[in-house]
>>> print(open('work_24.cif').read())   # mmCIF, N, CA and C atoms
data_upload
#
loop_
_atom_site.label_atom_id
_atom_site.label_comp_id
_atom_site.auth_asym_id
_atom_site.auth_seq_id
_atom_site.Cartn_x
_atom_site.Cartn_y
_atom_site.Cartn_z
N MET A 7 34.55 315.77 24.57
CA MET A 7 33.40 315.23 23.90
C MET A 7 32.82 316.33 23.02
N LYS A 8 32.59 316.00 21.78
CA LYS A 8 32.04 316.97 20.85
C LYS A 8 30.76 316.43 20.24
N ILE A 9 29.69 317.12 20.50
CA ILE A 9 28.41 316.83 19.88
C ILE A 9 27.94 318.14 19.28
N LYS A 10 27.27 318.05 18.17
CA LYS A 10 26.83 319.27 17.49
C LYS A 10 26.04 320.17 18.46
N GLY A 11 26.54 321.37 18.63
CA GLY A 11 25.89 322.33 19.51
C GLY A 11 26.18 322.13 20.99
N PHE A 12 27.09 321.23 21.31
CA PHE A 12 27.38 320.93 22.71
C PHE A 12 28.86 320.66 22.87
N ASN A 13 29.52 321.42 23.70
CA ASN A 13 30.95 321.22 23.98
C ASN A 13 31.14 321.00 25.47
N MET A 14 31.91 320.00 25.78
CA MET A 14 32.23 319.74 27.18
C MET A 14 33.60 319.08 27.24
N SER A 15 34.38 319.52 28.19
CA SER A 15 35.71 318.94 28.35
C SER A 15 35.77 318.17 29.68
N PHE A 16 36.82 317.40 29.82
CA PHE A 16 36.99 316.68 31.08
C PHE A 16 37.24 317.65 32.23
N GLU A 17 37.81 318.80 31.95
CA GLU A 17 38.00 319.80 32.99
C GLU A 17 36.67 320.30 33.51
N ASP A 18 35.67 320.49 32.59
CA ASP A 18 34.34 320.91 33.02
C ASP A 18 33.71 319.86 33.94
N ILE A 19 33.85 318.61 33.55
CA ILE A 19 33.27 317.52 34.35
C ILE A 19 33.96 317.45 35.70
N ASP A 20 35.30 317.55 35.70
CA ASP A 20 36.05 317.50 36.94
C ASP A 20 35.67 318.64 37.87
N SER A 21 35.55 319.85 37.34
CA SER A 21 35.18 321.00 38.18
C SER A 21 33.76 320.83 38.72
N PHE A 22 32.85 320.27 37.90
CA PHE A 22 31.49 320.02 38.38
C PHE A 22 31.50 319.03 39.54
N ILE A 23 32.26 317.96 39.41
CA ILE A 23 32.32 316.94 40.46
C ILE A 23 32.93 317.53 41.72
N GLN A 24 34.00 318.31 41.59
CA GLN A 24 34.63 318.92 42.76
C GLN A 24 33.67 319.89 43.45
N HIS A 25 32.92 320.67 42.66
CA HIS A 25 31.94 321.59 43.24
C HIS A 25 30.85 320.81 43.97
N LYS A 26 30.39 319.73 43.36
CA LYS A 26 29.36 318.90 43.97
C LYS A 26 29.83 318.33 45.30
N LYS A 27 31.09 317.88 45.35
CA LYS A 27 31.64 317.34 46.59
C LYS A 27 31.72 318.41 47.67
N LYS A 28 32.14 319.63 47.29
CA LYS A 28 32.24 320.72 48.27
C LYS A 28 30.87 321.08 48.83
N VAL A 29 29.87 321.15 47.95
CA VAL A 29 28.52 321.46 48.40
C VAL A 29 28.00 320.36 49.31
N ARG A 30 28.24 319.11 48.93
CA ARG A 30 27.78 317.98 49.74
C ARG A 30 28.46 318.00 51.11
N ARG A 31 29.77 318.27 51.14
CA ARG A 31 30.49 318.29 52.40
C ARG A 31 29.99 319.40 53.31
N ALA A 32 29.59 320.52 52.72
CA ALA A 32 29.12 321.64 53.53
C ALA A 32 27.83 321.30 54.25
N HIS A 33 27.01 320.42 53.67
CA HIS A 33 25.72 320.08 54.26
C HIS A 33 25.75 318.80 55.08
N GLU A 34 26.83 318.04 55.01
CA GLU A 34 26.91 316.79 55.74
C GLU A 34 27.38 317.02 57.16
N LYS A 35 26.93 316.15 58.05
CA LYS A 35 27.45 316.16 59.40
C LYS A 35 28.76 315.41 59.41
N GLU A 36 29.67 315.84 60.22
CA GLU A 36 30.94 315.14 60.30
C GLU A 36 30.80 313.90 61.18
N VAL A 37 31.44 312.85 60.77
CA VAL A 37 31.42 311.62 61.54
C VAL A 37 32.65 311.60 62.43
N SER A 38 32.42 311.40 63.69
CA SER A 38 33.52 311.35 64.63
C SER A 38 34.17 309.98 64.61
N LEU A 39 35.48 309.94 64.59
CA LEU A 39 36.20 308.68 64.68
C LEU A 39 36.79 308.50 66.07
N ASP A 40 36.14 309.11 67.03
CA ASP A 40 36.54 308.98 68.42
C ASP A 40 36.02 307.63 68.93
N TYR A 41 36.89 306.61 68.93
CA TYR A 41 36.47 305.25 69.22
C TYR A 41 35.85 305.08 70.60
N PRO A 42 36.38 305.69 71.64
CA PRO A 42 35.70 305.56 72.94
C PRO A 42 34.27 306.10 72.91
N GLU A 43 34.06 307.18 72.16
CA GLU A 43 32.72 307.75 72.03
C GLU A 43 31.80 306.80 71.26
N LEU A 44 32.32 306.20 70.17
CA LEU A 44 31.54 305.24 69.41
C LEU A 44 31.20 304.02 70.25
N ARG A 45 32.15 303.56 71.05
CA ARG A 45 31.91 302.40 71.92
C ARG A 45 30.83 302.73 72.93
N LYS A 46 30.88 303.93 73.49
CA LYS A 46 29.87 304.33 74.47
C LYS A 46 28.48 304.35 73.81
N TRP A 47 28.41 304.84 72.58
CA TRP A 47 27.15 304.88 71.85
C TRP A 47 26.65 303.45 71.58
N ASP A 48 27.55 302.58 71.15
CA ASP A 48 27.16 301.18 70.91
C ASP A 48 26.66 300.52 72.18
N MET A 49 27.35 300.74 73.28
CA MET A 49 26.93 300.13 74.54
C MET A 49 25.57 300.69 74.99
N ASN A 50 25.33 301.96 74.71
CA ASN A 50 24.04 302.56 75.03
C ASN A 50 22.92 301.87 74.22
N LEU A 51 23.17 301.68 72.93
CA LEU A 51 22.18 300.99 72.09
C LEU A 51 21.97 299.55 72.56
N LEU A 52 23.06 298.87 72.90
CA LEU A 52 22.96 297.48 73.35
C LEU A 52 22.25 297.35 74.70
N SER A 53 22.25 298.42 75.49
CA SER A 53 21.53 298.35 76.77
C SER A 53 20.02 298.38 76.55
N TYR A 54 19.58 298.96 75.44
CA TYR A 54 18.15 298.99 75.13
C TYR A 54 17.72 297.84 74.21
N PHE A 55 18.56 297.51 73.25
CA PHE A 55 18.22 296.51 72.24
C PHE A 55 19.24 295.38 72.30
N LYS A 56 18.81 294.26 72.84
CA LYS A 56 19.69 293.11 72.92
C LYS A 56 19.82 292.47 71.54
N PRO A 57 21.02 292.08 71.15
CA PRO A 57 21.18 291.45 69.84
C PRO A 57 20.50 290.08 69.81
N PHE A 58 19.95 289.77 68.67
CA PHE A 58 19.29 288.48 68.49
C PHE A 58 19.99 287.77 67.34
N TYR A 59 20.54 286.62 67.62
CA TYR A 59 21.29 285.88 66.62
C TYR A 59 20.40 284.82 66.00
N THR A 60 20.32 284.84 64.70
CA THR A 60 19.54 283.82 63.99
C THR A 60 20.50 283.05 63.12
N PRO A 61 21.07 281.98 63.65
CA PRO A 61 22.08 281.26 62.89
C PRO A 61 21.48 280.53 61.69
N LEU A 62 22.23 280.51 60.61
CA LEU A 62 21.83 279.74 59.44
C LEU A 62 22.10 278.26 59.69
N CYS A 63 23.14 278.00 60.44
CA CYS A 63 23.54 276.62 60.71
C CYS A 63 24.20 276.61 62.09
N ASP A 64 23.96 275.59 62.87
CA ASP A 64 24.56 275.55 64.20
C ASP A 64 25.78 274.62 64.24
N MET A 65 26.38 274.44 63.08
CA MET A 65 27.62 273.65 62.98
C MET A 65 28.75 274.57 62.53
N CYS A 66 29.94 274.33 63.02
CA CYS A 66 31.13 275.05 62.55
C CYS A 66 31.95 274.08 61.71
N CYS A 67 32.23 274.50 60.49
CA CYS A 67 32.98 273.64 59.56
C CYS A 67 34.20 274.37 58.99
N LEU A 68 34.70 275.39 59.68
CA LEU A 68 35.72 276.24 59.09
C LEU A 68 37.15 275.96 59.54
N CYS A 69 37.36 275.11 60.50
CA CYS A 69 38.74 274.91 60.96
C CYS A 69 39.16 273.46 60.78
N THR A 70 40.40 273.19 61.09
CA THR A 70 40.95 271.85 60.89
C THR A 70 40.60 270.87 62.00
N TYR A 71 39.93 271.36 63.05
CA TYR A 71 39.51 270.45 64.12
C TYR A 71 38.32 269.59 63.71
N GLY A 72 37.72 269.91 62.59
CA GLY A 72 36.56 269.16 62.12
C GLY A 72 35.27 269.88 62.43
N ARG A 73 34.16 269.20 62.19
CA ARG A 73 32.86 269.81 62.44
C ARG A 73 32.57 269.83 63.94
N CYS A 74 32.03 270.97 64.36
CA CYS A 74 31.67 271.11 65.77
C CYS A 74 30.20 271.49 65.86
N ASP A 75 29.49 270.85 66.76
CA ASP A 75 28.08 271.17 67.01
C ASP A 75 28.04 272.30 68.03
N LEU A 76 27.50 273.46 67.63
CA LEU A 76 27.46 274.64 68.50
C LEU A 76 26.06 274.89 69.05
N SER A 77 25.14 273.96 68.88
CA SER A 77 23.77 274.16 69.35
C SER A 77 23.70 274.06 70.87
N THR A 78 22.66 274.60 71.43
CA THR A 78 22.39 274.58 72.88
C THR A 78 23.59 275.01 73.72
N ASN A 79 24.15 276.15 73.39
CA ASN A 79 25.25 276.78 74.13
C ASN A 79 26.50 275.93 74.24
N LYS A 80 26.75 275.09 73.28
CA LYS A 80 27.98 274.30 73.26
C LYS A 80 29.10 275.13 72.67
N LYS A 81 30.32 274.73 72.97
CA LYS A 81 31.50 275.37 72.39
C LYS A 81 32.18 274.36 71.48
N GLY A 82 32.86 274.90 70.47
CA GLY A 82 33.60 274.05 69.55
C GLY A 82 34.94 273.65 70.12
N SER A 83 35.68 272.87 69.38
CA SER A 83 37.00 272.41 69.82
C SER A 83 37.95 273.56 70.06
N CYS A 84 37.81 274.60 69.29
CA CYS A 84 38.71 275.76 69.43
C CYS A 84 38.21 276.74 70.49
N GLY A 85 37.01 276.51 71.04
CA GLY A 85 36.49 277.38 72.09
C GLY A 85 35.47 278.39 71.58
N ILE A 86 35.16 278.37 70.30
CA ILE A 86 34.22 279.34 69.74
C ILE A 86 32.79 278.92 70.07
N ASN A 87 31.93 279.91 70.30
CA ASN A 87 30.52 279.61 70.53
C ASN A 87 29.72 280.04 69.29
N LEU A 88 28.41 279.84 69.33
CA LEU A 88 27.58 280.10 68.15
C LEU A 88 27.55 281.57 67.76
N GLU A 89 27.53 282.48 68.76
CA GLU A 89 27.51 283.91 68.46
C GLU A 89 28.77 284.34 67.71
N LYS A 90 29.92 283.88 68.18
CA LYS A 90 31.18 284.24 67.53
C LYS A 90 31.29 283.60 66.15
N GLN A 91 30.77 282.39 66.01
CA GLN A 91 30.78 281.72 64.71
C GLN A 91 29.93 282.51 63.70
N GLN A 92 28.76 283.00 64.14
CA GLN A 92 27.91 283.77 63.25
C GLN A 92 28.58 285.10 62.87
N ALA A 93 29.24 285.74 63.82
CA ALA A 93 29.95 286.98 63.52
C ALA A 93 31.04 286.72 62.49
N ARG A 94 31.75 285.62 62.65
CA ARG A 94 32.81 285.27 61.70
C ARG A 94 32.23 285.00 60.31
N THR A 95 31.10 284.31 60.26
CA THR A 95 30.46 284.01 58.98
C THR A 95 29.99 285.30 58.29
N ILE A 96 29.40 286.21 59.05
CA ILE A 96 28.93 287.48 58.48
C ILE A 96 30.12 288.29 57.95
N LEU A 97 31.20 288.34 58.70
CA LEU A 97 32.40 289.05 58.25
C LEU A 97 32.93 288.44 56.96
N MET A 98 32.95 287.12 56.90
CA MET A 98 33.43 286.44 55.70
C MET A 98 32.55 286.78 54.49
N MET A 99 31.22 286.76 54.69
CA MET A 99 30.30 287.08 53.59
C MET A 99 30.47 288.53 53.14
N SER A 100 30.69 289.43 54.09
CA SER A 100 30.90 290.84 53.75
C SER A 100 32.17 291.02 52.92
N CYS A 101 33.23 290.34 53.30
CA CYS A 101 34.49 290.41 52.54
C CYS A 101 34.33 289.84 51.14
N ILE A 102 33.58 288.75 51.01
CA ILE A 102 33.34 288.16 49.69
C ILE A 102 32.56 289.13 48.83
N GLY A 103 31.53 289.76 49.39
CA GLY A 103 30.73 290.73 48.63
C GLY A 103 31.55 291.94 48.21
N ALA A 104 32.37 292.46 49.12
CA ALA A 104 33.20 293.62 48.79
C ALA A 104 34.20 293.28 47.69
N SER A 105 34.79 292.10 47.75
CA SER A 105 35.76 291.73 46.72
C SER A 105 35.06 291.51 45.38
N ALA A 106 33.83 291.01 45.39
CA ALA A 106 33.09 290.84 44.13
C ALA A 106 32.80 292.20 43.50
N HIS A 107 32.39 293.17 44.30
CA HIS A 107 32.13 294.51 43.77
C HIS A 107 33.41 295.14 43.21
N ALA A 108 34.51 294.97 43.93
CA ALA A 108 35.78 295.51 43.45
C ALA A 108 36.19 294.84 42.14
N ALA A 109 35.96 293.54 42.02
CA ALA A 109 36.31 292.84 40.78
C ALA A 109 35.45 293.32 39.61
N HIS A 110 34.17 293.55 39.85
CA HIS A 110 33.30 294.06 38.78
C HIS A 110 33.74 295.46 38.35
N ALA A 111 34.10 296.29 39.32
CA ALA A 111 34.56 297.64 38.98
C ALA A 111 35.86 297.58 38.19
N ARG A 112 36.75 296.69 38.56
CA ARG A 112 38.01 296.54 37.83
C ARG A 112 37.75 296.07 36.39
N ASP A 113 36.81 295.14 36.20
CA ASP A 113 36.46 294.69 34.85
C ASP A 113 35.92 295.84 34.02
N LEU A 114 35.09 296.68 34.63
CA LEU A 114 34.53 297.82 33.90
C LEU A 114 35.62 298.80 33.49
N VAL A 115 36.54 299.10 34.39
CA VAL A 115 37.63 300.01 34.06
C VAL A 115 38.52 299.41 32.96
N ASP A 116 38.83 298.12 33.07
CA ASP A 116 39.64 297.46 32.04
C ASP A 116 38.95 297.52 30.68
N MET A 117 37.63 297.28 30.65
CA MET A 117 36.89 297.32 29.40
C MET A 117 36.93 298.73 28.79
N LEU A 118 36.74 299.74 29.64
CA LEU A 118 36.78 301.11 29.13
C LEU A 118 38.16 301.48 28.61
N MET A 119 39.20 301.03 29.31
CA MET A 119 40.56 301.35 28.87
C MET A 119 40.90 300.65 27.56
N GLU A 120 40.36 299.44 27.34
CA GLU A 120 40.60 298.75 26.07
C GLU A 120 39.86 299.45 24.93
N GLU A 121 38.63 299.86 25.19
CA GLU A 121 37.82 300.49 24.16
C GLU A 121 38.34 301.88 23.80
N ASP A 122 38.71 302.64 24.82
CA ASP A 122 39.10 304.03 24.57
C ASP A 122 40.18 304.45 25.56
N PRO A 123 41.45 304.19 25.25
CA PRO A 123 42.53 304.53 26.19
C PRO A 123 42.63 306.02 26.51
N GLU A 124 42.16 306.87 25.60
CA GLU A 124 42.23 308.32 25.82
C GLU A 124 41.09 308.85 26.68
N GLY A 125 40.05 308.05 26.88
CA GLY A 125 38.93 308.49 27.71
C GLY A 125 37.98 309.43 27.01
N ASN A 126 37.81 309.29 25.69
CA ASN A 126 36.95 310.21 24.95
C ASN A 126 35.59 309.63 24.58
N SER A 127 35.31 308.40 24.92
CA SER A 127 34.04 307.80 24.50
C SER A 127 32.88 308.34 25.33
N ASP A 128 31.69 308.21 24.79
CA ASP A 128 30.49 308.66 25.51
C ASP A 128 30.30 307.89 26.80
N MET A 129 30.61 306.60 26.78
CA MET A 129 30.43 305.78 27.98
C MET A 129 31.34 306.27 29.10
N THR A 130 32.58 306.61 28.79
CA THR A 130 33.50 307.11 29.80
C THR A 130 32.99 308.41 30.38
N VAL A 131 32.52 309.29 29.52
CA VAL A 131 32.01 310.58 29.99
C VAL A 131 30.79 310.37 30.86
N GLN A 132 29.89 309.46 30.49
CA GLN A 132 28.71 309.21 31.30
C GLN A 132 29.07 308.64 32.66
N LEU A 133 30.03 307.74 32.71
CA LEU A 133 30.45 307.18 33.99
C LEU A 133 31.04 308.26 34.90
N ILE A 134 31.84 309.13 34.34
CA ILE A 134 32.42 310.21 35.14
C ILE A 134 31.34 311.20 35.56
N TRP A 135 30.43 311.51 34.66
CA TRP A 135 29.40 312.51 34.92
C TRP A 135 28.43 312.04 36.02
N PHE A 136 28.04 310.77 36.00
CA PHE A 136 27.06 310.28 36.95
C PHE A 136 27.68 309.68 38.19
N HIS A 137 28.98 309.79 38.34
CA HIS A 137 29.64 309.30 39.55
C HIS A 137 29.16 310.14 40.74
N PRO A 138 28.70 309.49 41.82
CA PRO A 138 28.19 310.26 42.97
C PRO A 138 29.29 311.02 43.70
#
>>> encode(input="work_24.cif", output="structure tokens")
Amino acid sequence: MKIKGFNMSFEDIDSFIQHKKKVRRAHEKEVSLDYPELRKWDMNLLSYFKPFYTPLCDMCCLCTYGRCDLSTNKKGSCGINLEKQQARTILMMSCIGASAHAAHARDLVDMLMEEDPEGNSDMTVQLIWFHP
């Protein structure tokens, strides 16, 4: 990128980002992926705070068995109860949201590549510069 009185290359931006990541990593706590330890922590939290389910709907309409009424502790045809149905619905909504964000990011990258395949535009530099 060349602006009068200002020179910056992609190498400068890359080195800045790498330095920023190293500094951030030095100050961050490491997250343990020790699953038995995480389970113990979750069970400890659940012993103090019981989960409260607030269903949006007490009907299950997601399988081929038809609609099932899950109100008042009933089970559906497949054996699912309201708590499991809500967990499934939340997981589905999370996957839909994640795929929407990925699609928007892909559109942005495609647009930038069409506009400037070499990566020299100001918009490309700003996106790289402000990337967390």
>>> atom_distance(input="work_24.cif", atom1="atom N of Cys69 of chain A", atom2="atom CA of Thr95 of chain A")
11.4 Å
>>> atom_distance(input="work_24.cif", atom1="atom CA of Leu62 of chain A", atom2="atom CA of Trp47 of chain A")
28.5 Å
>>> axis_aligned_box(input="work_24.cif", around="segment 76-80 of chain A", padding_each_side="3 Å", output="lines of an AutoDock Vina configuration file")
center_x = 25.7
center_y = 275.1
center_z = 70.9
size_x = 12.7
size_y = 9.3
size_z = 12.6
>>> resolve_selection(input="work_24.cif", expression="the PyMOL selection byres (((chain A and resi 86 and name CA) around 12) and name CA)", output="ChimeraX atom specification")
/A:64-69,71,74-77,79-85,87-94
>>> select_by_dssp(input="work_24.cif", residues="segment 7-123 of chain A", states="helix (DSSP H, G or I)", output="ChimeraX atom specification")
/A:16-33,41-54,88-121
>>> atom_distance(input="work_24.cif", atom1="atom CA of Phe16 of chain A", atom2="atom CA of Met117 of chain A")
19.4 Å
